[in-house]
$ cat input.tsv   # TSV, C-alpha atoms
chain	number	residue	atom	x	y	z
A	1	MET	CA	-57.98	-119.41	-96.11
A	2	LYS	CA	-57.57	-120.86	-92.65
A	3	PRO	CA	-58.69	-124.48	-92.10
A	4	LEU	CA	-61.81	-125.33	-90.16
A	5	ARG	CA	-61.36	-127.19	-86.90
A	6	ILE	CA	-64.00	-129.91	-86.81
A	7	LEU	CA	-65.45	-131.32	-83.60
A	8	SER	CA	-68.18	-133.98	-83.72
A	9	PHE	CA	-70.61	-134.99	-80.99
A	10	PHE	CA	-72.12	-138.39	-81.77
A	11	ILE	CA	-75.49	-139.08	-80.22
A	12	LEU	CA	-75.82	-142.79	-79.53
A	13	ASN	CA	-77.62	-142.88	-76.20
A	14	ALA	CA	-81.23	-144.03	-76.54
A	15	SER	CA	-82.34	-142.13	-73.44
A	16	LEU	CA	-82.46	-138.75	-75.18
A	17	LEU	CA	-83.70	-135.72	-73.31
A	18	SER	CA	-87.31	-135.12	-74.13
A	19	ALA	CA	-89.23	-131.88	-74.52
A	20	ASN	CA	-92.96	-131.44	-74.48
A	21	ALA	CA	-93.86	-130.21	-77.94
A	22	GLN	CA	-90.77	-129.99	-80.10
A	23	SER	CA	-89.98	-132.90	-82.40
A	24	PHE	CA	-86.18	-132.78	-82.14
A	25	THR	CA	-84.13	-133.47	-79.01
A	26	ALA	CA	-80.41	-133.44	-78.30
A	27	HIS	CA	-78.52	-135.95	-76.18
A	28	ALA	CA	-77.57	-133.34	-73.57
A	29	ARG	CA	-78.42	-129.83	-72.46
A	30	GLU	CA	-74.74	-128.80	-72.46
A	31	PHE	CA	-71.86	-129.39	-74.87
A	32	GLU	CA	-68.23	-128.51	-74.10
A	33	CYS	CA	-66.24	-127.51	-77.21
A	34	GLY	CA	-62.92	-127.06	-75.45
A	35	GLN	CA	-60.20	-124.81	-76.84
A	36	MET	CA	-60.42	-123.16	-80.25
A	37	ILE	CA	-57.65	-121.23	-82.01
A	38	TYR	CA	-58.05	-117.46	-82.35
A	39	MET	CA	-59.04	-116.32	-85.88
A	40	THR	CA	-59.45	-119.97	-87.03
A	41	PRO	CA	-63.14	-120.84	-87.59
A	42	ALA	CA	-64.18	-124.03	-85.80
A	43	THR	CA	-67.21	-126.21	-86.48
A	44	ILE	CA	-69.01	-128.61	-84.18
A	45	THR	CA	-71.54	-131.15	-85.41
A	46	ILE	CA	-74.47	-132.12	-83.19
A	47	SER	CA	-77.02	-134.80	-83.98
A	48	LEU	CA	-80.68	-134.10	-83.24
A	49	ARG	CA	-83.15	-136.97	-83.16
A	50	ASN	CA	-86.77	-136.80	-84.17
A	51	THR	CA	-88.43	-138.25	-81.07
A	52	SER	CA	-91.98	-137.57	-82.25
A	53	THR	CA	-94.23	-140.04	-84.01
A	54	GLU	CA	-94.45	-137.99	-87.24
A	55	PRO	CA	-91.92	-136.85	-89.86
A	56	ALA	CA	-90.41	-133.48	-88.94
A	57	GLN	CA	-88.04	-130.93	-90.40
A	58	ILE	CA	-85.86	-128.17	-88.99
A	59	LYS	CA	-87.36	-124.79	-89.83
A	60	SER	CA	-84.74	-122.45	-88.32
A	61	VAL	CA	-81.94	-122.21	-85.77
A	62	ASP	CA	-81.25	-119.28	-83.45
A	63	THR	CA	-77.57	-119.20	-82.40
A	64	GLY	CA	-77.96	-116.03	-80.32
A	65	CYS	CA	-74.85	-114.46	-81.83
A	66	GLY	CA	-73.71	-113.12	-85.20
A	67	CYS	CA	-70.33	-114.77	-84.64
A	68	THR	CA	-71.90	-118.25	-85.06
A	69	SER	CA	-73.21	-119.48	-88.39
A	70	VAL	CA	-75.28	-122.62	-88.88
A	71	SER	CA	-76.23	-125.23	-91.46
A	72	PHE	CA	-78.52	-128.20	-90.97
A	73	THR	CA	-80.19	-131.16	-92.62
A	74	THR	CA	-83.14	-130.07	-94.72
A	75	GLY	CA	-86.27	-131.99	-95.66
A	76	ASN	CA	-88.32	-134.45	-93.64
A	77	ILE	CA	-86.65	-136.52	-90.91
A	78	ASN	CA	-88.57	-139.68	-90.06
A	79	PRO	CA	-89.34	-140.65	-86.43
A	80	GLY	CA	-86.27	-142.10	-84.71
A	81	ARG	CA	-83.87	-140.71	-87.31
A	82	ASP	CA	-81.23	-138.00	-86.86
A	83	ALA	CA	-80.71	-134.57	-88.40
A	84	GLN	CA	-77.24	-132.98	-88.39
A	85	LEU	CA	-76.65	-129.47	-87.08
A	86	ASN	CA	-73.34	-127.76	-87.93
A	87	LEU	CA	-72.36	-124.72	-85.85
A	88	THR	CA	-69.37	-122.69	-87.02
A	89	PHE	CA	-67.73	-120.18	-84.65
A	90	ASP	CA	-65.65	-117.43	-86.27
A	91	CYS	CA	-63.30	-117.33	-83.21
A	92	LYS	CA	-62.58	-113.63	-83.65
A	93	GLN	CA	-62.83	-112.87	-79.93
A	94	LEU	CA	-60.50	-114.32	-77.29
A	95	GLY	CA	-61.89	-115.81	-74.09
A	96	HIS	CA	-64.68	-118.09	-72.94
A	97	PHE	CA	-68.01	-118.22	-74.73
A	98	ASP	CA	-71.38	-119.64	-73.74
A	99	ARG	CA	-74.23	-119.91	-76.27
A	100	ILE	CA	-77.85	-121.03	-76.01
A	101	ILE	CA	-78.85	-122.69	-79.29
A	102	ARG	CA	-82.57	-122.88	-80.14
A	103	VAL	CA	-83.79	-125.24	-82.86
A	104	TYR	CA	-87.29	-124.68	-84.26
A	105	ASP	CA	-89.13	-127.37	-86.20
A	106	ALA	CA	-92.03	-126.99	-88.58
A	107	ASN	CA	-94.48	-128.72	-86.24
A	108	SER	CA	-94.04	-126.53	-83.15
A	109	ASP	CA	-93.31	-122.96	-82.07
A	110	LYS	CA	-91.47	-124.20	-78.98
A	111	PRO	CA	-87.75	-124.72	-79.72
A	112	ALA	CA	-85.42	-127.45	-78.59
A	113	GLU	CA	-82.64	-125.78	-76.53
A	114	PHE	CA	-79.13	-126.73	-75.53
A	115	GLU	CA	-76.01	-124.90	-74.38
A	116	VAL	CA	-72.61	-124.79	-76.10
A	117	ARG	CA	-69.46	-123.66	-74.28
A	118	GLY	CA	-65.85	-123.20	-75.32
A	119	GLN	CA	-62.74	-121.04	-75.11
A	120	VAL	CA	-60.93	-119.13	-77.85
A	121	VAL	CA	-57.17	-119.13	-77.20
A	122	THR	CA	-54.02	-118.09	-79.03
A	123	LYS	CA	-52.40	-121.44	-78.24
A	124	VAL	CA	-53.95	-124.76	-77.27
A	125	GLU	CA	-52.70	-125.89	-73.87
A	126	ASP	CA	-52.06	-129.54	-73.13
A	127	TYR	CA	-53.83	-130.32	-69.86
A	128	THR	CA	-52.78	-133.98	-69.69
A	129	GLY	CA	-49.93	-133.32	-67.26
A	130	GLU	CA	-52.34	-131.80	-64.75
A	131	TYR	CA	-54.36	-135.01	-64.47
A	132	PRO	CA	-51.97	-137.65	-63.08
A	133	TYR	CA	-54.58	-140.11	-61.82
A	134	LYS	CA	-56.54	-142.57	-63.92
A	135	ILE	CA	-59.95	-143.29	-62.39
A	136	GLY	CA	-61.68	-145.86	-64.57
A	137	THR	CA	-61.29	-144.46	-68.10
A	138	LEU	CA	-61.13	-140.82	-66.95
A	139	LEU	CA	-58.16	-138.73	-65.78
A	140	THR	CA	-58.33	-136.58	-62.63
A	141	ASP	CA	-56.12	-134.27	-60.59
A	142	MET	CA	-56.78	-136.21	-57.35
A	143	GLU	CA	-57.64	-139.73	-56.24
A	144	SER	CA	-58.84	-138.89	-52.72
A	145	ILE	CA	-60.77	-136.05	-51.10
A	146	GLU	CA	-60.20	-134.60	-47.64
A	147	PHE	CA	-62.49	-132.26	-45.73
A	148	ASP	CA	-60.21	-131.15	-42.93
A	149	ASP	CA	-61.13	-129.28	-39.73
A	150	VAL	CA	-64.84	-128.73	-40.36
A	151	ASN	CA	-67.42	-127.87	-37.71
A	152	LYS	CA	-71.04	-128.88	-37.37
A	153	GLY	CA	-73.34	-126.73	-39.51
A	154	GLN	CA	-70.71	-125.83	-42.11
A	155	LYS	CA	-71.03	-126.65	-45.79
A	156	LYS	CA	-67.74	-127.32	-47.57
A	157	VAL	CA	-67.01	-127.89	-51.27
A	158	GLN	CA	-64.09	-129.72	-52.91
A	159	ALA	CA	-63.45	-129.63	-56.66
A	160	ILE	CA	-62.12	-132.55	-58.71
A	161	HIS	CA	-60.91	-131.63	-62.19
A	162	ILE	CA	-61.62	-134.29	-64.80
A	163	LEU	CA	-60.26	-134.86	-68.31
A	164	ASN	CA	-61.97	-137.15	-70.82
A	165	PRO	CA	-59.10	-138.84	-72.73
A	166	THR	CA	-61.45	-141.04	-74.80
A	167	GLY	CA	-62.85	-140.45	-78.26
A	168	GLN	CA	-66.47	-140.45	-77.08
A	169	ASN	CA	-68.78	-138.16	-75.13
A	170	VAL	CA	-69.04	-139.03	-71.43
A	171	GLU	CA	-71.30	-137.81	-68.63
A	172	PRO	CA	-69.13	-138.10	-65.48
A	173	VAL	CA	-71.09	-138.97	-62.34
A	174	MET	CA	-70.27	-139.93	-58.75
A	175	LEU	CA	-71.79	-143.27	-57.77
A	176	ARG	CA	-72.75	-144.52	-54.29
A	177	LEU	CA	-72.65	-141.15	-52.57
A	178	PRO	CA	-73.46	-141.24	-48.83
A	179	SER	CA	-76.24	-138.97	-47.56
A	180	TYR	CA	-73.83	-136.30	-46.34
A	181	LEU	CA	-72.28	-135.74	-49.80
A	182	THR	CA	-73.66	-134.35	-53.06
A	183	ALA	CA	-71.94	-134.08	-56.45
A	184	ASP	CA	-72.46	-131.67	-59.34
A	185	MET	CA	-70.62	-131.98	-62.67
A	186	GLN	CA	-69.97	-128.90	-64.81
A	187	PRO	CA	-70.46	-129.24	-67.72
A	188	LYS	CA	-72.66	-132.33	-67.62
A	189	VAL	CA	-71.17	-133.74	-70.83
A	190	LEU	CA	-67.46	-133.89	-71.73
A	191	GLY	CA	-66.57	-134.29	-75.37
A	192	PRO	CA	-63.40	-136.09	-76.53
A	193	LYS	CA	-60.27	-134.63	-74.88
A	194	GLN	CA	-62.40	-132.11	-72.97
A	195	LYS	CA	-62.19	-131.19	-69.30
A	196	GLY	CA	-64.64	-130.26	-66.56
A	197	THR	CA	-65.05	-130.02	-62.80
A	198	MET	CA	-66.92	-132.21	-60.33
A	199	TYR	CA	-67.98	-130.26	-57.23
A	200	ILE	CA	-68.34	-132.44	-54.10
A	201	THR	CA	-70.34	-130.76	-51.31
A	202	LEU	CA	-70.16	-131.87	-47.67
A	203	LYS	CA	-73.24	-131.38	-45.48
A	204	THR	CA	-71.87	-131.54	-41.95
A	205	ASN	CA	-75.30	-131.61	-40.31
A	206	ASP	CA	-75.74	-135.10	-41.75
A	207	LEU	CA	-72.60	-136.41	-40.04
A	208	ARG	CA	-73.36	-138.37	-36.88
A	209	ASP	CA	-70.19	-138.14	-34.84
A	210	TYR	CA	-67.04	-136.10	-34.27
A	211	GLY	CA	-63.71	-137.33	-35.52
A	212	LEU	CA	-62.91	-139.15	-38.74
A	213	THR	CA	-65.61	-140.34	-41.14
A	214	GLN	CA	-64.54	-142.13	-44.31
A	215	SER	CA	-66.43	-143.37	-47.33
A	216	THR	CA	-65.66	-144.66	-50.81
A	217	ILE	CA	-67.37	-143.20	-53.84
A	218	TYR	CA	-66.93	-144.14	-57.49
A	219	LEU	CA	-66.36	-142.02	-60.60
A	220	GLY	CA	-68.33	-143.38	-63.55
A	221	ARG	CA	-68.50	-142.40	-67.21
A	222	ASN	CA	-72.27	-142.21	-66.86
A	223	SER	CA	-75.04	-143.17	-64.43
A	224	THR	CA	-75.23	-146.76	-65.73
A	225	ASP	CA	-71.50	-147.42	-65.33
A	226	LYS	CA	-70.53	-150.39	-63.16
A	227	VAL	CA	-68.80	-149.92	-59.83
A	228	ASN	CA	-65.34	-151.47	-59.42
A	229	LYS	CA	-62.09	-150.87	-57.57
A	230	ASP	CA	-60.30	-148.87	-60.28
A	231	LYS	CA	-63.01	-146.18	-60.05
A	232	GLU	CA	-62.67	-145.65	-56.27
A	233	ILE	CA	-62.20	-142.24	-54.66
A	234	THR	CA	-61.78	-142.13	-50.87
A	235	VAL	CA	-63.45	-139.28	-48.98
A	236	SER	CA	-62.12	-138.44	-45.48
A	237	THR	CA	-63.86	-135.93	-43.23
A	238	ILE	CA	-62.65	-134.67	-39.85
A	239	LEU	CA	-65.50	-133.13	-37.86
A	240	LEU	CA	-64.27	-131.20	-34.83
A	241	PRO	CA	-66.21	-130.54	-31.61
A	242	PRO	CA	-67.16	-126.91	-30.85
A	243	ALA	CA	-64.17	-124.76	-30.05
A	244	MET	CA	-63.67	-123.56	-26.48
A	245	ALA	CA	-64.81	-119.99	-25.97
A	246	ASN	CA	-62.01	-117.45	-26.06
A	247	ASP	CA	-61.98	-117.13	-22.30
A	248	GLU	CA	-58.52	-116.43	-20.89
A	249	LEU	CA	-59.33	-117.98	-17.49
A	250	LYS	CA	-60.64	-121.21	-19.05
A	251	ARG	CA	-57.60	-121.50	-21.28
A	252	THR	CA	-55.27	-120.92	-18.33
A	253	TYR	CA	-56.70	-123.97	-16.57
A	254	ALA	CA	-57.15	-126.09	-19.72
A	255	PRO	CA	-55.30	-129.37	-20.38
A	256	ARG	CA	-52.16	-129.17	-22.54
A	257	LEU	CA	-51.13	-132.05	-24.78
A	258	VAL	CA	-47.42	-132.69	-25.27
A	259	MET	CA	-46.17	-135.53	-27.49
A	260	SER	CA	-42.71	-137.01	-27.92
A	261	ALA	CA	-43.28	-137.19	-31.72
A	262	LYS	CA	-45.94	-136.53	-34.35
A	263	THR	CA	-44.25	-138.54	-37.09
A	264	LEU	CA	-43.18	-142.18	-36.90
A	265	ASP	CA	-40.52	-143.49	-39.27
A	266	MET	CA	-41.55	-146.98	-40.37
A	267	THR	CA	-39.27	-147.19	-43.41
A	268	GLU	CA	-37.74	-150.38	-41.96
A	269	LEU	CA	-40.91	-152.06	-43.25
A	270	GLN	CA	-39.04	-152.50	-46.51
A	271	LYS	CA	-36.98	-155.19	-44.79
A	272	LYS	CA	-39.50	-156.53	-42.26
A	273	SER	CA	-43.11	-157.66	-42.29
A	274	LYS	CA	-43.86	-155.52	-39.19
A	275	ALA	CA	-42.48	-152.37	-37.61
A	276	LYS	CA	-43.21	-151.03	-34.12
A	277	ASP	CA	-42.78	-147.68	-32.44
A	278	GLU	CA	-44.33	-145.65	-29.63
A	279	ILE	CA	-45.16	-142.07	-28.66
A	280	ILE	CA	-45.19	-140.66	-25.14
A	281	ILE	CA	-48.22	-138.46	-24.46
A	282	THR	CA	-48.13	-136.09	-21.48
A	283	ASN	CA	-50.63	-133.68	-19.99
A	284	GLU	CA	-48.74	-130.55	-18.98
A	285	GLY	CA	-51.90	-128.55	-18.39
A	286	LYS	CA	-53.96	-127.83	-15.25
A	287	SER	CA	-57.05	-129.99	-15.86
A	288	THR	CA	-57.89	-133.48	-17.14
A	289	LEU	CA	-56.82	-134.27	-20.70
A	290	GLU	CA	-59.28	-136.46	-22.59
A	291	ILE	CA	-58.49	-138.29	-25.83
A	292	SER	CA	-62.02	-138.84	-27.08
A	293	LYS	CA	-61.18	-140.31	-30.48
A	294	LEU	CA	-58.29	-142.36	-31.81
A	295	GLN	CA	-58.76	-143.40	-35.44
A	296	MET	CA	-56.77	-144.53	-38.49
A	297	PHE	CA	-57.01	-143.15	-42.02
A	298	THR	CA	-55.93	-146.44	-43.62
A	299	PRO	CA	-55.73	-150.14	-42.81
A	300	GLY	CA	-52.32	-151.63	-42.07
A	301	LEU	CA	-51.90	-150.06	-38.63
A	302	GLN	CA	-52.51	-151.44	-35.16
A	303	ILE	CA	-52.64	-149.04	-32.20
A	304	GLN	CA	-52.82	-149.37	-28.43
A	305	LEU	CA	-53.31	-146.41	-26.06
A	306	GLY	CA	-52.49	-146.86	-22.39
A	307	GLN	CA	-54.98	-144.25	-21.04
A	308	GLN	CA	-57.60	-141.99	-22.58
A	309	ARG	CA	-57.78	-139.66	-19.54
A	310	LEU	CA	-54.66	-138.03	-18.15
A	311	GLU	CA	-54.57	-135.90	-15.03
A	312	PRO	CA	-52.12	-132.97	-14.90
A	313	GLY	CA	-48.56	-134.32	-14.97
A	314	GLU	CA	-49.55	-137.83	-16.09
A	315	SER	CA	-48.17	-139.60	-19.17
A	316	THR	CA	-49.16	-142.60	-21.25
A	317	LYS	CA	-47.87	-144.52	-24.26
A	318	LEU	CA	-49.38	-144.85	-27.71
A	319	LYS	CA	-47.98	-148.02	-29.26
A	320	VAL	CA	-48.13	-148.32	-33.05
A	321	THR	CA	-47.54	-151.43	-35.16
A	322	ALA	CA	-47.34	-151.15	-38.95
A	323	ILE	CA	-48.14	-154.21	-41.08
A	324	GLY	CA	-46.06	-154.02	-44.25
A	325	LYS	CA	-48.18	-156.34	-46.38
A	326	GLU	CA	-51.33	-154.28	-45.77
A	327	LEU	CA	-49.72	-150.84	-46.01
A	328	LYS	CA	-48.35	-151.63	-49.47
A	329	LYS	CA	-51.93	-151.86	-50.75
A	330	VAL	CA	-53.14	-148.44	-49.57
A	331	ARG	CA	-53.05	-145.45	-51.93
A	332	THR	CA	-53.48	-142.65	-49.37
A	333	ARG	CA	-51.04	-141.60	-46.66
A	334	PRO	CA	-51.15	-143.75	-43.51
A	335	ARG	CA	-52.01	-141.53	-40.54
A	336	ILE	CA	-53.54	-141.68	-37.08
A	337	LEU	CA	-56.08	-139.12	-35.86
A	338	MET	CA	-56.55	-138.00	-32.25
A	339	ILE	CA	-59.39	-135.78	-31.03
A	340	THR	CA	-58.72	-134.15	-27.64
A	341	ASN	CA	-60.14	-131.49	-25.30
A	342	ASP	CA	-56.92	-129.44	-25.43
A	343	PRO	CA	-58.21	-126.13	-26.94
A	344	ASN	CA	-54.89	-125.64	-28.72
A	345	ASN	CA	-54.78	-129.21	-30.05
A	346	PRO	CA	-58.36	-130.38	-30.68
A	347	LYS	CA	-57.09	-132.44	-33.60
A	348	VAL	CA	-53.71	-134.17	-33.80
A	349	VAL	CA	-52.56	-136.10	-36.86
A	350	ILE	CA	-49.69	-138.58	-36.51
A	351	ASN	CA	-47.99	-139.28	-39.84
A	352	ILE	CA	-46.47	-142.65	-40.67
A	353	LYS	CA	-43.45	-142.71	-42.98
A	354	LYS	CA	-43.28	-146.03	-44.81

$ encode --input "input.tsv" --output "structure tokens"
Amino acid sequence: MKPLRILSFFILNASLLSANAQSFTAHAREFECGQMIYMTPATITISLRNTSTEPAQIKSVDTGCGCTSVSFTTGNINPGRDAQLNLTFDCKQLGHFDRIIRVYDANSDKPAEFEVRGQVVTKVEDYTGEYPYKIGTLLTDMESIEFDDVNKGQKKVQAIHILNPTGQNVEPVMLRLPSYLTADMQPKVLGPKQKGTMYITLKTNDLRDYGLTQSTIYLGRNSTDKVNKDKEITVSTILLPPAMANDELKRTYAPRLVMSAKTLDMTELQKKSKAKDEIIITNEGKSTLEISKLQMFTPGLQIQLGQQRLEPGESTKLKVTAIGKELKKVRTRPRILMITNDPNNPKVVINIKK
């Protein structure tokens, strides 16, 4: 006989989800079971609390599938007390599964409902290596988000994969989101050692200006988690102006940006407190070149541009000073962003090697 794999979901949060008529409620509407071994039955235990004002008892449970058996606490459960629900999956079919569980109590015909997800596999994979960043108490596959080359009116989505390395259920949430970002966690609850995905959506119509917009958001274990520096995730967005129409005549007489370098080597910062370098910018086109934005992705850089408007044939210098003490503190790559009216180079990123 093959051993049962036991997973327990402990319900300790007092703010349980409520339903209108049913007596019992679960802590969440979704539970992630993670990976289960093929042909090895696995059991999860879920606590259901009697949130009514009268004693109640579980009458029946609908698992929606013959491959899932159930046992539960019998007899009366007093108000505020918990009943245990044990769901056993036979794991005879490989792949993902998604079940709606309905719990009926003796006092109501309306069931309490929640969703259970998991995956039946031939071998459990260790996902720890895919989550190199520790954000608070959670592990992620990235510590910063970049929305690159977006235009007004577009909606872009970035996914952050999250692993819960703790021994407790968590409800990952993004805190202090600006108005132009939304976040959706799937599934809403991660059990111990389980993984999920946070989808960050950018609404470009809510951005005010072209160029670089940066904000800091925070990944919490739940909505009441405190904000602090070890939970930071930086979000960088580059909003580009409308592209020039594909008109051959206009492009023939357009400005043309030429730069002496797009990468500056500041590795001498290891020996000095400051490092300086410069880039020559030339307009080799047939109309005025305009550098409308000049911005930095990180602190620790000082920049000085000789001219923002260059007539055909003119050149100017971009002087860059790197401050070693400040650059050592930044986690993301130090870069400089230029927004221009050159149709072939509307965005230019200058990388700083430190």

$ closest_residue --input "input.tsv" --among "A:Gly64, A:Gly324, A:Pro41, A:Pro343" --to "Leu269 in chain A" --atoms "only C-alpha atoms"
A:Gly324

$ closest_residue --input "input.tsv" --among "A:Ser273, A:Phe89, A:Leu264, A:Ser287" --to "Pro334 in chain A" --atoms "only C-alpha atoms"
A:Leu264

$ closest_residue --input "input.tsv" --among "A:Asp230, A:Asp342, A:Asp206, A:Glu268" --to "Ile291 in chain A" --atoms "only C-alpha atoms"
A:Asp342

$ residues_around --input "input.tsv" --residues "Gly136 in chain A" --least-positions-apart "3" --cutoff "8 Å" --atoms "all atoms listed in the file" --output "VMD selection string"
chain A and resid 219 to 220 230 to 231

$ residues_around --input "input.tsv" --residues "Gly313 in chain A" --least-positions-apart "4" --cutoff "8 Å" --atoms "all atoms listed in the file" --output "list in words"
Thr282, Asn283, Glu284 and Gly285 of chain A

$ closest_residue --input "input.tsv" --among "A:Leu94, A:Met198, A:Cys65, A:Ile339" --to "Leu239 in chain A" --atoms "only C-alpha atoms"
A:Ile339

$ atom_distance --input "input.tsv" --atom1 "CA of Lys229 in chain A" --atom2 "CA of Pro187 in chain A"
25.3 Å

$ closest_residue --input "input.tsv" --among "A:Arg221, A:Gln186, A:Val116, A:Thr204" --to "Leu139 in chain A" --atoms "only C-alpha atoms"
A:Arg221

$ residues_around --input "input.tsv" --residues "Glu113 in chain A" --least-positions-apart "2" --cutoff "7 Å" --atoms "all atoms listed in the file" --output "PyMOL selection string"
chain A and resi 100-103+111

$ closest_residue --input "input.tsv" --among "A:Leu181, A:Ala159, A:Leu294, A:Leu318" --to "Gly306 in chain A" --atoms "only C-alpha atoms"
A:Leu318

$ axis_aligned_box --input "input.tsv" --around "range 278-292 of chain A" --padding-each-side "8 Å" --output "AutoDock Vina command-line options"
--center_x -53.2 --center_y -136.7 --center_z -22.4 --size_x 33.7 --size_y 33.8 --size_z 30.4
